[in-house]
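Chemist: Here you go, coords.tsv (TSV, C-alpha atoms):
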chain	number	residue	atom	x	y	z
I	727	MET	CA	-2.28	12.79	13.40
I	728	HIS	CA	-4.36	15.12	11.22
I	729	GLY	CA	-2.93	18.32	12.64
I	730	SER	CA	0.71	17.55	11.88
I	731	ASN	CA	2.81	20.60	11.16
I	732	PRO	CA	4.17	20.71	7.58
I	733	SER	CA	7.38	22.13	9.02
I	734	SER	CA	8.14	18.64	10.33
I	735	LEU	CA	9.16	17.82	6.74
I	736	THR	CA	12.41	19.75	7.27
I	737	ASN	CA	15.50	19.29	9.44
I	738	PRO	CA	15.58	15.47	9.73
I	739	SER	CA	17.83	13.83	12.29
I	740	PRO	CA	21.06	12.26	11.00
I	741	ALA	CA	19.66	8.75	11.51
I	742	GLU	CA	16.86	9.52	9.04
I	743	ARG	CA	19.08	10.72	6.19
I	744	GLY	CA	20.12	8.84	3.10
I	745	LEU	CA	17.29	6.33	2.65
I	746	ARG	CA	16.70	5.07	-0.88
I	747	PHE	CA	13.08	5.00	-2.04
I	748	VAL	CA	11.48	3.72	-5.22
I	749	ILE	CA	8.14	5.23	-6.26
I	750	GLY	CA	6.26	3.15	-8.81
I	751	CYS	CA	3.42	4.16	-11.15
I	752	ASP	CA	1.96	1.79	-13.74
I	753	LEU	CA	1.26	2.58	-17.37
I	754	GLY	CA	-2.24	4.01	-17.59
I	755	ALA	CA	-2.20	5.50	-14.09
I	756	VAL	CA	-4.64	8.40	-13.88
I	757	PRO	CA	-2.85	11.77	-14.04
I	758	GLU	CA	-3.70	12.70	-10.45
I	759	LEU	CA	-1.80	9.62	-9.18
I	760	LEU	CA	1.26	10.80	-11.12
I	761	ARG	CA	0.94	14.22	-9.49
I	762	ASP	CA	0.57	12.59	-6.07
I	763	ALA	CA	3.68	10.49	-6.72
I	764	LEU	CA	5.61	13.68	-7.50
I	765	ARG	CA	4.37	15.35	-4.29
I	766	ILE	CA	5.47	12.39	-2.18
I	767	GLY	CA	8.81	12.20	-3.97
I	768	GLN	CA	9.45	15.90	-3.46
I	769	ALA	CA	8.66	15.62	0.26
I	770	LEU	CA	11.11	12.71	0.65
I	771	THR	CA	13.78	14.53	-1.36
I	772	GLU	CA	13.41	17.60	0.87
I	773	ARG	CA	14.13	15.33	3.85
I	774	GLY	CA	17.45	14.32	2.28
I	775	HIS	CA	16.40	10.95	0.85
I	776	GLN	CA	17.17	9.54	-2.59
I	777	VAL	CA	14.11	8.95	-4.77
I	778	THR	CA	13.89	6.99	-8.03
I	779	TYR	CA	10.67	6.91	-10.03
I	780	LEU	CA	9.71	3.75	-11.92
I	781	ALA	CA	7.00	4.93	-14.30
I	782	GLY	CA	5.13	2.97	-16.93
I	783	ASP	CA	4.92	6.21	-18.92
I	784	PRO	CA	7.92	8.42	-18.06
I	785	ILE	CA	6.84	11.11	-20.54
I	786	ALA	CA	3.45	11.42	-18.84
I	787	LEU	CA	5.23	11.83	-15.50
I	788	LEU	CA	7.40	14.60	-16.99
I	789	ASP	CA	4.25	16.27	-18.35
I	790	GLN	CA	2.77	16.33	-14.86
I	791	ALA	CA	6.03	17.65	-13.38
I	792	GLY	CA	6.11	20.46	-15.92
I	793	SER	CA	9.91	20.28	-16.06
I	794	SER	CA	12.77	17.83	-15.77
I	795	ILE	CA	12.85	15.50	-12.77
I	796	SER	CA	16.00	15.88	-10.70
I	797	SER	CA	15.53	12.46	-9.07
I	798	GLY	CA	16.17	9.22	-10.94
I	799	LEU	CA	13.58	8.23	-13.55
I	800	ARG	CA	13.34	4.78	-15.09
I	801	GLN	CA	10.94	2.95	-17.38
I	802	ALA	CA	8.74	0.52	-15.46
I	803	PRO	CA	7.56	-2.69	-17.15
I	804	ALA	CA	4.29	-2.13	-18.98
I	805	MET	CA	1.67	-4.11	-20.84
I	806	ARG	CA	1.60	-3.81	-24.60
I	807	ALA	CA	-1.09	-1.54	-26.03
I	808	ALA	CA	-4.54	-3.12	-26.29
I	809	PRO	CA	-5.56	-3.96	-29.88
I	810	HIS	CA	-8.31	-1.91	-31.55
I	811	LEU	CA	-11.06	-4.48	-31.98
I	812	VAL	CA	-14.57	-4.14	-33.35
I	813	MET	CA	-15.89	-6.30	-30.49
I	814	LYS	CA	-14.47	-4.53	-27.47
I	815	ARG	CA	-14.07	-5.95	-23.97
I	816	PRO	CA	-16.56	-4.95	-21.28
I	817	GLN	CA	-15.85	-1.67	-19.56
I	818	VAL	CA	-13.41	-1.68	-16.64
I	819	ASP	CA	-15.38	-1.70	-13.38
I	820	GLY	CA	-13.44	-1.70	-10.14
I	821	PHE	CA	-9.90	-2.55	-9.11
I	822	ALA	CA	-10.08	-6.28	-9.96
I	823	ASP	CA	-10.79	-5.41	-13.60
I	824	ARG	CA	-7.90	-2.96	-13.57
I	825	MET	CA	-5.64	-5.75	-12.29
I	826	ALA	CA	-6.81	-7.93	-15.17
I	827	ILE	CA	-5.80	-5.41	-17.83
I	828	MET	CA	-2.46	-4.86	-16.06
I	829	GLY	CA	-1.44	-8.48	-16.60
I	830	PHE	CA	-3.09	-10.60	-13.90
I	831	ASP	CA	-5.38	-12.24	-16.48
I	832	ASP	CA	-2.52	-14.24	-18.03
I	833	LYS	CA	0.01	-16.27	-16.02
I	834	GLN	CA	2.93	-15.97	-18.42
I	835	THR	CA	2.40	-12.23	-18.85
I	836	LEU	CA	2.24	-11.68	-15.10
I	837	ILE	CA	5.37	-13.76	-14.47
I	838	THR	CA	7.24	-11.82	-17.16
I	839	LEU	CA	6.20	-8.40	-15.86
I	840	ALA	CA	6.97	-9.44	-12.28
I	841	SER	CA	10.46	-10.64	-13.27
I	842	ILE	CA	11.22	-7.24	-14.84
I	843	TRP	CA	9.98	-5.44	-11.70
I	844	ASN	CA	12.18	-7.79	-9.64
I	845	ALA	CA	15.23	-7.05	-11.77
I	846	GLU	CA	14.71	-3.29	-11.48
I	847	LEU	CA	14.25	-3.46	-7.71
I	848	ALA	CA	17.28	-5.74	-7.31
I	849	SER	CA	19.45	-3.23	-9.18
I	850	LEU	CA	18.18	-0.25	-7.18
I	851	GLU	CA	18.32	-1.96	-3.75
I	852	PRO	CA	15.77	0.39	-2.16
I	853	ASP	CA	15.22	0.77	1.56
I	854	GLY	CA	11.54	1.40	0.91
I	855	ILE	CA	9.09	0.95	-1.98
I	856	ILE	CA	6.05	3.15	-2.61
I	857	GLY	CA	3.45	2.04	-5.12
I	858	LEU	CA	0.49	4.10	-6.32
I	859	GLY	CA	-2.07	1.99	-8.17
I	860	THR	CA	0.58	-0.67	-8.94
I	861	PRO	CA	-0.72	-4.16	-8.08
I	862	ILE	CA	2.27	-6.02	-9.56
I	863	LEU	CA	4.69	-3.86	-7.57
I	864	TRP	CA	2.57	-4.50	-4.46
I	865	LEU	CA	2.80	-8.21	-5.23
I	866	VAL	CA	6.60	-8.45	-5.63
I	867	GLY	CA	7.80	-5.43	-3.63
I	868	PRO	CA	7.70	-6.99	-0.12
I	869	ALA	CA	10.36	-9.50	-1.24
I	870	HIS	CA	12.82	-6.59	-1.63
I	871	ALA	CA	11.93	-3.97	1.00
I	872	PRO	CA	9.02	-2.69	3.09
I	873	THR	CA	6.36	-1.72	0.55
I	874	PHE	CA	3.76	0.99	0.97
I	875	ALA	CA	0.50	0.68	-0.95
I	876	VAL	CA	-0.49	4.34	-1.23
I	877	GLY	CA	-3.56	5.90	-2.80
I	878	ASN	CA	-6.68	7.99	-2.52
I	879	GLY	CA	-10.12	6.44	-2.14
I	880	SER	CA	-10.43	5.24	-5.73
I	881	ALA	CA	-6.86	3.96	-6.09
I	882	LEU	CA	-6.65	1.99	-2.82
I	883	PRO	CA	-9.81	-0.12	-2.53
I	884	PRO	CA	-10.67	-2.19	0.56
I	885	ALA	CA	-10.86	-5.96	0.25
I	886	LEU	CA	-14.35	-7.41	-0.14
I	887	GLY	CA	-14.67	-11.16	0.19
I	888	ASN	CA	-11.99	-12.80	-1.93
I	889	SER	CA	-11.47	-9.76	-4.14
I	890	PHE	CA	-12.33	-6.04	-4.35
I	891	PRO	CA	-15.69	-4.27	-4.63
I	892	ARG	CA	-17.21	-3.47	-8.00
I	893	HIS	CA	-18.95	-0.20	-8.79
I	894	ASN	CA	-21.80	-1.82	-10.67
I	895	ALA	CA	-23.28	-5.08	-9.39
I	896	ASN	CA	-24.50	-5.97	-12.90
I	897	SER	CA	-21.17	-5.48	-14.69
I	898	THR	CA	-19.25	-8.41	-16.18
I	899	PRO	CA	-15.81	-9.15	-14.67
I	900	LEU	CA	-13.00	-9.10	-17.21
I	901	MET	CA	-11.41	-12.15	-15.59
I	902	ASP	CA	-12.36	-14.69	-12.96
I	903	ASP	CA	-10.92	-13.75	-9.53
I	904	ALA	CA	-9.79	-17.32	-8.85
I	905	THR	CA	-7.76	-17.36	-12.07
I	906	MET	CA	-6.03	-14.07	-11.21
I	907	LEU	CA	-5.27	-15.36	-7.71
I	908	ALA	CA	-3.77	-18.55	-9.16
I	909	ASN	CA	-1.61	-16.47	-11.54
I	910	ALA	CA	-0.44	-14.29	-8.64
I	911	ASN	CA	0.46	-17.34	-6.56
I	912	ALA	CA	2.34	-18.91	-9.48
I	913	THR	CA	4.41	-15.72	-9.66
I	914	LEU	CA	5.08	-15.77	-5.91
I	915	SER	CA	6.00	-19.47	-6.05
I	916	ARG	CA	8.75	-18.71	-8.56
I	917	MET	CA	10.07	-16.09	-6.14
I	918	GLY	CA	9.99	-18.52	-3.22
I	919	ARG	CA	7.31	-16.45	-1.47
I	920	PRO	CA	4.25	-17.77	0.41
I	921	ALA	CA	0.95	-17.94	-1.47
I	922	LEU	CA	-1.93	-15.52	-0.96
I	923	ALA	CA	-5.34	-16.68	0.27
I	924	THR	CA	-7.26	-13.87	-1.46
I	925	LEU	CA	-6.61	-11.11	-4.00
I	926	GLY	CA	-7.14	-8.58	-1.21
I	927	GLU	CA	-3.90	-9.75	0.44
I	928	ILE	CA	-1.95	-8.10	-2.38
I	929	ILE	CA	-2.63	-4.84	-0.55
I	930	SER	CA	-2.75	-6.09	3.03
I	931	GLN	CA	0.71	-7.71	2.77
I	932	CYS	CA	2.03	-4.18	2.20
I	933	HIS	CA	1.67	-1.14	4.47
I	934	PRO	CA	-1.47	0.62	3.16
I	935	ILE	CA	-1.67	4.42	3.47
I	936	LEU	CA	-4.99	6.01	2.51
I	937	TYR	CA	-5.23	9.74	1.87
I	938	GLY	CA	-7.81	12.17	0.52
I	939	LEU	CA	-11.23	13.48	1.47
I	940	PRO	CA	-13.63	10.81	2.77
I	941	ALA	CA	-16.46	12.53	0.87
I	942	LEU	CA	-14.67	11.66	-2.40
I	943	ASP	CA	-14.08	8.00	-1.48
I	944	PRO	CA	-16.39	5.64	-3.41
I	945	TYR	CA	-15.64	2.84	-0.91
I	946	LEU	CA	-16.17	4.87	2.26
I	947	GLN	CA	-18.87	2.59	3.70
I	948	LEU	CA	-16.59	-0.44	3.37
I	949	ARG	CA	-13.54	1.15	5.03
I	950	SER	CA	-12.10	0.07	8.34
I	951	ASN	CA	-9.10	2.43	8.14
I	952	ARG	CA	-9.09	6.22	8.36
I	953	THR	CA	-7.61	8.66	5.88
I	954	ALA	CA	-4.25	10.18	6.79
I	955	GLY	CA	-5.53	13.56	5.58
I	956	LEU	CA	-5.17	15.73	2.50
I	957	LEU	CA	-2.05	15.23	0.40
I	958	GLY	CA	0.08	18.36	0.81
I	959	ALA	CA	-2.77	20.68	1.76
I	960	VAL	CA	-4.98	21.87	4.61
I	961	PRO	CA	-8.48	23.42	4.41
I	962	ASN	CA	-8.14	27.15	3.84
I	963	PRO	CA	-11.38	28.70	2.49
I	964	SER	CA	-11.17	32.27	1.20
I	965	LEU	CA	-13.47	34.72	-0.52
I	966	PRO	CA	-13.33	34.60	-4.33
I	967	PRO	CA	-11.75	37.57	-6.15
I	968	GLU	CA	-13.91	40.46	-7.32
I	969	GLN	CA	-12.72	40.12	-10.91
I	970	GLU	CA	-14.02	37.16	-12.91
I	971	HIS	CA	-11.15	34.67	-13.07
I	972	LEU	CA	-11.27	31.11	-14.41
I	973	ALA	CA	-8.67	28.35	-13.86
I	974	ALA	CA	-8.86	25.45	-16.32
I	975	PHE	CA	-7.12	22.09	-15.86
I	976	LEU	CA	-7.41	20.21	-19.16
I	977	ASP	CA	-6.02	17.01	-20.67
I	978	VAL	CA	-4.94	16.69	-24.29
I	979	ASN	CA	-6.44	13.18	-24.42
I	980	CYS	CA	-9.95	14.51	-23.80
I	981	PRO	CA	-12.20	14.16	-26.85
I	982	ASN	CA	-12.84	17.52	-28.51
I	983	ILE	CA	-9.96	19.16	-26.63
I	984	GLU	CA	-9.39	21.58	-29.54
I	985	MET	CA	-12.96	22.88	-29.18
I	986	LEU	CA	-12.46	23.44	-25.44
I	987	ILE	CA	-9.32	25.47	-26.16
I	988	LEU	CA	-11.17	27.54	-28.76
I	989	ALA	CA	-14.01	28.13	-26.29
I	990	LEU	CA	-11.53	29.47	-23.71
I	991	ALA	CA	-10.09	31.76	-26.37
I	992	GLY	CA	-13.57	33.02	-27.22
I	993	ILE	CA	-14.73	33.66	-23.68
I	994	GLY	CA	-13.85	37.37	-23.96
I	995	ASN	CA	-10.94	39.57	-22.96
I	996	ASP	CA	-12.76	40.81	-19.85
I	997	ILE	CA	-12.35	37.42	-18.13
I	998	THR	CA	-8.91	36.32	-16.91
I	999	VAL	CA	-8.08	32.69	-17.69
I	1000	ASP	CA	-5.30	30.52	-16.27
I	1001	VAL	CA	-4.95	27.22	-18.11
I	1002	CYS	CA	-2.82	24.09	-18.08
I	1003	VAL	CA	-3.25	21.40	-20.75
I	1004	THR	CA	-1.22	18.32	-19.87
I	1005	GLY	CA	0.37	16.77	-22.92
I	1006	ALA	CA	-0.44	19.83	-25.04
I	1007	THR	CA	1.20	20.16	-28.42
I	1008	SER	CA	3.46	23.13	-29.13
I	1009	GLY	CA	0.79	24.47	-31.48
I	1010	MET	CA	-1.82	24.44	-28.71
I	1011	ARG	CA	0.52	26.28	-26.35
I	1012	ARG	CA	1.40	28.91	-28.96
I	1013	PHE	CA	-2.27	29.52	-29.75
I	1014	LEU	CA	-3.18	29.95	-26.07
I	1015	GLN	CA	-0.19	32.19	-25.42
I	1016	GLN	CA	-1.34	34.51	-28.20
I	1017	GLN	CA	-4.60	35.25	-26.32
I	1018	ARG	CA	-4.23	38.38	-24.19
I	1019	HIS	CA	-6.57	37.17	-21.44
I	1020	ILE	CA	-4.98	33.71	-21.08
I	1021	THR	CA	-1.93	32.68	-19.05
I	1022	VAL	CA	-0.53	29.21	-19.82
I	1023	TRP	CA	0.96	27.23	-16.92
I	1024	PRO	CA	3.47	24.39	-17.34
I	1025	SER	CA	1.87	21.93	-14.88
I	1026	TYR	CA	-1.25	21.26	-12.83
I	1027	THR	CA	0.81	21.67	-9.66
I	1028	ALA	CA	1.98	25.16	-10.64
I	1029	LEU	CA	-1.58	26.20	-11.45
I	1030	LEU	CA	-2.98	24.62	-8.27
I	1031	GLU	CA	-0.86	27.03	-6.27
I	1032	ARG	CA	-2.64	29.92	-8.05
I	1033	THR	CA	-6.22	28.72	-7.63
I	1034	LYS	CA	-6.90	31.01	-4.66
I	1035	HIS	CA	-6.96	33.82	-7.24
I	1036	ALA	CA	-9.62	32.03	-9.33
I	1037	SER	CA	-13.40	32.39	-9.11
I	1038	VAL	CA	-14.15	28.98	-10.68
I	1039	LEU	CA	-12.15	25.83	-11.45
I	1040	VAL	CA	-12.70	23.83	-14.65
I	1041	HIS	CA	-11.48	20.24	-14.98
I	1042	HIS	CA	-12.40	16.78	-16.24
I	1043	GLY	CA	-13.29	15.25	-12.88
I	1044	THR	CA	-10.21	14.48	-10.78
I	1045	GLN	CA	-10.12	14.13	-7.02
I	1046	ASP	CA	-7.26	16.53	-6.37
I	1047	ILE	CA	-8.90	19.41	-8.27
I	1048	THR	CA	-12.29	18.80	-6.64
I	1049	GLN	CA	-10.50	18.64	-3.29
I	1050	GLN	CA	-8.92	22.03	-4.05
I	1051	CYS	CA	-12.38	23.45	-4.76
I	1052	LEU	CA	-13.54	22.35	-1.31
I	1053	ILE	CA	-10.35	23.52	0.39
I	1054	LEU	CA	-10.75	27.04	-1.04
I	1055	GLY	CA	-14.55	27.21	-1.26
I	1056	ARG	CA	-14.76	27.50	-5.05
I	1057	PRO	CA	-17.36	26.14	-7.50
I	1058	GLN	CA	-16.34	23.89	-10.36
I	1059	LEU	CA	-17.27	22.90	-13.90
I	1060	ILE	CA	-16.61	19.22	-14.64
I	1061	LEU	CA	-16.13	18.06	-18.24
I	1062	PRO	CA	-16.01	14.26	-17.76
I	1063	TRP	CA	-14.99	11.76	-20.43
I	1064	THR	CA	-14.01	8.58	-18.51
I	1065	PRO	CA	-16.07	6.32	-16.20
I	1066	GLU	CA	-13.96	7.37	-13.17
I	1067	GLN	CA	-14.62	11.04	-13.91
I	1068	GLU	CA	-18.34	10.37	-14.33
I	1069	MET	CA	-18.38	8.63	-10.95
I	1070	LEU	CA	-16.68	11.55	-9.20
I	1071	ASN	CA	-19.15	13.93	-10.82
I	1072	TYR	CA	-22.01	11.80	-9.49
I	1073	MET	CA	-20.50	11.65	-5.98
I	1074	VAL	CA	-20.23	15.45	-5.59
I	1075	GLY	CA	-23.56	16.27	-7.23
I	1076	TRP	CA	-25.37	16.64	-3.90
I	1077	MET	CA	-23.02	19.40	-2.74
I	1078	GLY	CA	-24.42	22.01	-5.12
I	1079	ILE	CA	-20.97	23.30	-6.13
I	1080	THR	CA	-20.81	21.76	-9.60
I	1081	TRP	CA	-21.94	22.33	-13.14
I	1082	THR	CA	-21.42	19.48	-15.58
I	1083	LYS	CA	-21.03	19.66	-19.33
I	1084	SER	CA	-20.06	17.18	-22.02
I	1085	PRO	CA	-16.76	18.17	-23.67
I	1086	ASN	CA	-18.44	17.51	-27.03
I	1087	VAL	CA	-20.75	20.55	-27.10
I	1088	PRO	CA	-20.24	23.28	-29.74
I	1089	ILE	CA	-17.66	26.03	-29.16
I	1090	ASN	CA	-20.20	28.83	-28.71
I	1091	GLU	CA	-22.23	26.84	-26.19
I	1092	MET	CA	-19.13	26.04	-24.15
I	1093	ALA	CA	-17.97	29.68	-24.17
I	1094	VAL	CA	-21.41	30.78	-22.94
I	1095	THR	CA	-21.26	28.08	-20.24
I	1096	PHE	CA	-17.95	29.47	-18.98
I	1097	ARG	CA	-19.41	32.98	-18.70
I	1098	ASP	CA	-22.70	31.89	-17.09
I	1099	LEU	CA	-20.87	29.70	-14.59
I	1100	LEU	CA	-18.86	32.67	-13.34
I	1101	ARG	CA	-22.10	34.53	-12.61
I	1102	ASP	CA	-23.96	31.77	-10.76
I	1103	THR	CA	-23.75	33.10	-7.20
I	1104	SER	CA	-25.63	30.12	-5.74
I	1105	LEU	CA	-22.71	27.86	-6.61
I	1106	THR	CA	-20.27	30.20	-4.88
I	1107	VAL	CA	-22.43	30.37	-1.74
I	1108	SER	CA	-22.64	26.56	-1.59
I	1109	ALA	CA	-18.89	26.17	-2.19
I	1110	GLN	CA	-18.10	28.67	0.57
I	1111	HIS	CA	-20.38	26.76	2.93
I	1112	HIS	CA	-18.70	23.42	2.24
I	1113	GLY	CA	-15.25	25.00	2.48
I	1114	GLY	CA	-16.14	26.38	5.91
I	1115	GLN	CA	-17.51	23.03	7.04
I	1116	LEU	CA	-14.32	21.28	5.94
I	1117	ALA	CA	-12.17	23.82	7.76
I	1118	ASN	CA	-14.03	22.97	11.00
I	1119	THR	CA	-12.98	19.31	10.83
I	1120	ASP	CA	-9.71	17.89	12.16
I	1121	ILE	CA	-8.46	16.76	8.76
I	1122	GLY	CA	-4.98	18.06	8.00
I	1123	ASN	CA	-1.93	17.58	5.80
I	1124	ALA	CA	-1.17	13.89	5.23
I	1125	LEU	CA	2.36	14.36	3.87
I	1126	PRO	CA	4.16	14.70	7.23
I	1127	VAL	CA	2.34	11.62	8.53
I	1128	MET	CA	3.18	9.60	5.43
I	1129	VAL	CA	6.82	10.65	5.35
I	1130	ASP	CA	7.23	9.77	9.04
I	1131	GLN	CA	5.87	6.27	8.37
I	1132	MET	CA	8.11	5.81	5.34
I	1133	GLU	CA	11.19	6.90	7.26
I	1134	ASN	CA	10.57	4.04	9.69
I	1135	VAL	CA	11.38	1.44	7.04
I	1136	ARG	CA	14.42	0.26	8.98
I	1137	GLN	CA	12.12	-0.76	11.83
I	1138	LEU	CA	9.68	-2.43	9.39
I	1139	ALA	CA	12.34	-4.47	7.58
Here is a file; write its structure as structure tokens.

Modeler:
Amino acid sequence: MHGSNPSSLTNPSPAERGLRFVIGCDLGAVPELLRDALRIGQALTERGHQVTYLAGDPIALLDQAGSSISSGLRQAPAMRAAPHLVMKRPQVDGFADRMAIMGFDDKQTLITLASIWNAELASLEPDGIIGLGTPILWLVGPAHAPTFAVGNGSALPPALGNSFPRHNANSTPLMDDATMLANANATLSRMGRPALATLGEIISQCHPILYGLPALDPYLQLRSNRTAGLLGAVPNPSLPPEQEHLAAFLDVNCPNIEMLILALAGIGNDITVDVCVTGATSGMRRFLQQQRHITVWPSYTALLERTKHASVLVHHGTQDITQQCLILGRPQLILPWTPEQEMLNYMVGWMGITWTKSPNVPINEMAVTFRDLLRDTSLTVSAQHHGGQLANTDIGNALPVMVDQMENVRQLA
């Protein structure tokens, strides 16, 4: 299973051609899930299948693609923006809280969003549905076609009791689990579908596919299923280049992003920098392009393919970039600004491959951090060790495995 050959993604048999797939991503999906959705969609398209994306934020999906999307792209139903209140809600902690803010906390809202999903799916008539971090699509999808609940460790939690595990035992739930279950069952009742016994059945009624490194899975100890492997990659550690070379994966929504860009510009012309800023303004791109030592890349995916030429990777704390560090044996600098990024930073701290810095430090301090990081040989030694250890495991490319399962939708229907 883990050692599947990526070449199996080509030359499908005639019986496997022409399937229609819908790939859904909710508004607010973390950028790495959007990139993963694009990887899965590309793999299915290369096999001759028709793919339509239903995205809560189509512009964000285009940003991650770095260019136009040749497949179909539609607007998925989305919650209205949260109001800016002085007394804010408790912080989101775990998947049940994320379901609450996606509409499960209010029956009428959930029924409305579900009806729009149903209308979109009815018009597209897919053979298979793929949802990444989309609980409403997981709820209504099985009424239309075999539905795959796909995600890495953070995005596809295991069921725990009547709900899903929380990261902090002392945190306050945003909504009572029983209320959300009642709202979900009211929605299913209107569709003529059987009721769920627990919230966890929203995932188990689908066909779950887990991918990603187990070491980056916050729910690893609660898992009963095994990862399908790495999404579109295999471990391939290599020696870092002799010349100092930094690859930075940044997000325009990060606080103090302008200061980070200025710090990269001030790092010095003797250090080569590759950078991608998702959602960057035209002014940001022009400024970076004017720096002789900086090359600007249109998308994370394009830059990921160049990371073997980098000495160090800089990012905000996403699983796919950290995974790339371990695949290649490269150290990383994490600049976290969300709870999920802080958690990933905590999970990889023991490996000794990471420096961490707040994105809010002064420009000069950040520029010095970039230079010092490139010269910390202990990080490189540790990263090479972990890359070698990963290469000795049987974990392989998950994409062929996933595509094979998705092409069996006719048998699952």

Chemist: Would you list the contacts of stretch 1004-1011 of chain I as a PyMOL selection string, taking every protein, DNA or RNA residue within 12 Å and counting all atoms listed in the file, but skipping same-chain residues closer than 2 positions in sequence?

Modeler: chain I and resi 757-758+760-761+785-793+974-980+983-988+991+1001-1002+1013-1017+1020-1029+1041-1042

Chemist: Please write as a list in words the list of polymer residues whose atoms come within 9 Å of (-5.7, 7.6, -10.5), counting only C-alpha atoms and keeping to the coordinates of the file.

Modeler: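 The distance filter leaves exactly Gly754, Ala755, Val756, Pro757, Glu758, Leu759, Leu760, Leu858, Gly859, Gly877, Asn878, Ser880, Ala881, Thr1044, Gln1045 and Glu1066 of chain I.
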
Chemist: To one decimal place in Å, what is the distance between atom CA of I:Ala989 and atom CA of I:Gln1110?

Modeler: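 Rounded to one decimal, the two atoms are 27.2 Å apart.
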
Chemist: Nearest to I:Ile1079 among I:Pro872, I:Pro1062, I:Gly1055, I:Pro963, with distances taken over all atoms listed in the file: which residue is it?

Modeler: I:Gly1055

Chemist: With all atoms listed in the file counted and 12 Å as the cut-off, give the residues of stretch 914-1010 of chain I in contact with stretch 1102-1108 of chain I, each with its shortest interatomic distance in Å and the pair that gives it, as JSON lines.

Modeler:
{"residue": "I:Pro963", "atom": "CA", "partner": "I:Thr1106", "partner_atom": "CA", "distance": 11.6}
{"residue": "I:Ser964", "atom": "CA", "partner": "I:Thr1106", "partner_atom": "CA", "distance": 11.1}
{"residue": "I:Leu965", "atom": "CA", "partner": "I:Thr1106", "partner_atom": "CA", "distance": 9.3}
{"residue": "I:Pro966", "atom": "CA", "partner": "I:Thr1106", "partner_atom": "CA", "distance": 8.2}
{"residue": "I:Pro967", "atom": "CA", "partner": "I:Thr1106", "partner_atom": "CA", "distance": 11.3}
{"residue": "I:Glu970", "atom": "CA", "partner": "I:Asp1102", "partner_atom": "CA", "distance": 11.5}

Chemist: By how many Å are atom CA of I:Gly955 and atom CA of I:Thr771 apart?

Modeler: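 Interatomic distance, atom CA of I:Gly955 to atom CA of I:Thr771: 20.5 Å.
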
Chemist: Using atom CA of I:Arg949 and atom CA of I:Thr924 as the two end points, give the distance in Å to one decimal.

Modeler: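 Rounded to one decimal, the two atoms are 17.5 Å apart.
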
Chemist: Check the smallest atom-to-atom distance from each of I:Pro884, I:Gly782, I:Pro981, I:Pro920 to I:Asp943 using only C-alpha atoms, then report the winner.

Modeler: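 Ranking I:Pro884, I:Gly782, I:Pro981, I:Pro920 by distance to I:Asp943, first place goes to I:Pro884.
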
Chemist: Could you pull stretch 1005-1016 of chain I out of the structure I just pasted and write it to a file containing N, CA and C atoms, as an mmCIF file, in the first residue's frame?

Modeler:
data_model
loop_
_atom_site.group_PDB
_atom_site.id
_atom_site.type_symbol
_atom_site.label_atom_id
_atom_site.label_comp_id
_atom_site.auth_asym_id
_atom_site.auth_seq_id
_atom_site.Cartn_x
_atom_site.Cartn_y
_atom_site.Cartn_z
ATOM 1 N N GLY I 1005 -1.710 35.371 -1.498
ATOM 2 C CA GLY I 1005 -2.574 36.523 -1.325
ATOM 3 C C GLY I 1005 -1.848 37.849 -1.368
ATOM 4 N N ALA I 1006 -0.586 37.856 -1.799
ATOM 5 C CA ALA I 1006 0.212 39.084 -1.796
ATOM 6 C C ALA I 1006 -0.396 40.147 -2.703
ATOM 7 N N THR I 1007 -0.247 41.384 -2.293
ATOM 8 C CA THR I 1007 -0.690 42.491 -3.144
ATOM 9 C C THR I 1007 0.318 42.687 -4.283
ATOM 10 N N SER I 1008 -0.104 43.400 -5.320
ATOM 11 C CA SER I 1008 0.812 43.664 -6.432
ATOM 12 C C SER I 1008 1.999 44.494 -5.968
ATOM 13 N N GLY I 1009 1.785 45.377 -4.992
ATOM 14 C CA GLY I 1009 2.887 46.176 -4.459
ATOM 15 C C GLY I 1009 3.930 45.326 -3.754
ATOM 16 N N MET I 1010 3.468 44.329 -2.997
ATOM 17 C CA MET I 1010 4.402 43.411 -2.333
ATOM 18 C C MET I 1010 5.242 42.665 -3.364
ATOM 19 N N ARG I 1011 4.565 42.156 -4.404
ATOM 20 C CA ARG I 1011 5.293 41.385 -5.415
ATOM 21 C C ARG I 1011 6.328 42.267 -6.127
ATOM 22 N N ARG I 1012 5.923 43.491 -6.479
ATOM 23 C CA ARG I 1012 6.861 44.381 -7.171
ATOM 24 C C ARG I 1012 8.074 44.684 -6.294
ATOM 25 N N PHE I 1013 7.845 44.932 -5.018
ATOM 26 C CA PHE I 1013 8.951 45.226 -4.110
ATOM 27 C C PHE I 1013 9.918 44.048 -4.027
ATOM 28 N N LEU I 1014 9.375 42.834 -3.874
ATOM 29 C CA LEU I 1014 10.233 41.650 -3.772
ATOM 30 C C LEU I 1014 10.985 41.400 -5.078
ATOM 31 N N GLN I 1015 10.312 41.611 -6.188
ATOM 32 C CA GLN I 1015 10.953 41.372 -7.487
ATOM 33 C C GLN I 1015 12.089 42.350 -7.767
ATOM 34 N N GLN I 1016 12.073 43.488 -7.090
ATOM 35 C CA GLN I 1016 13.142 44.473 -7.270
ATOM 36 C C GLN I 1016 14.419 44.115 -6.507
#
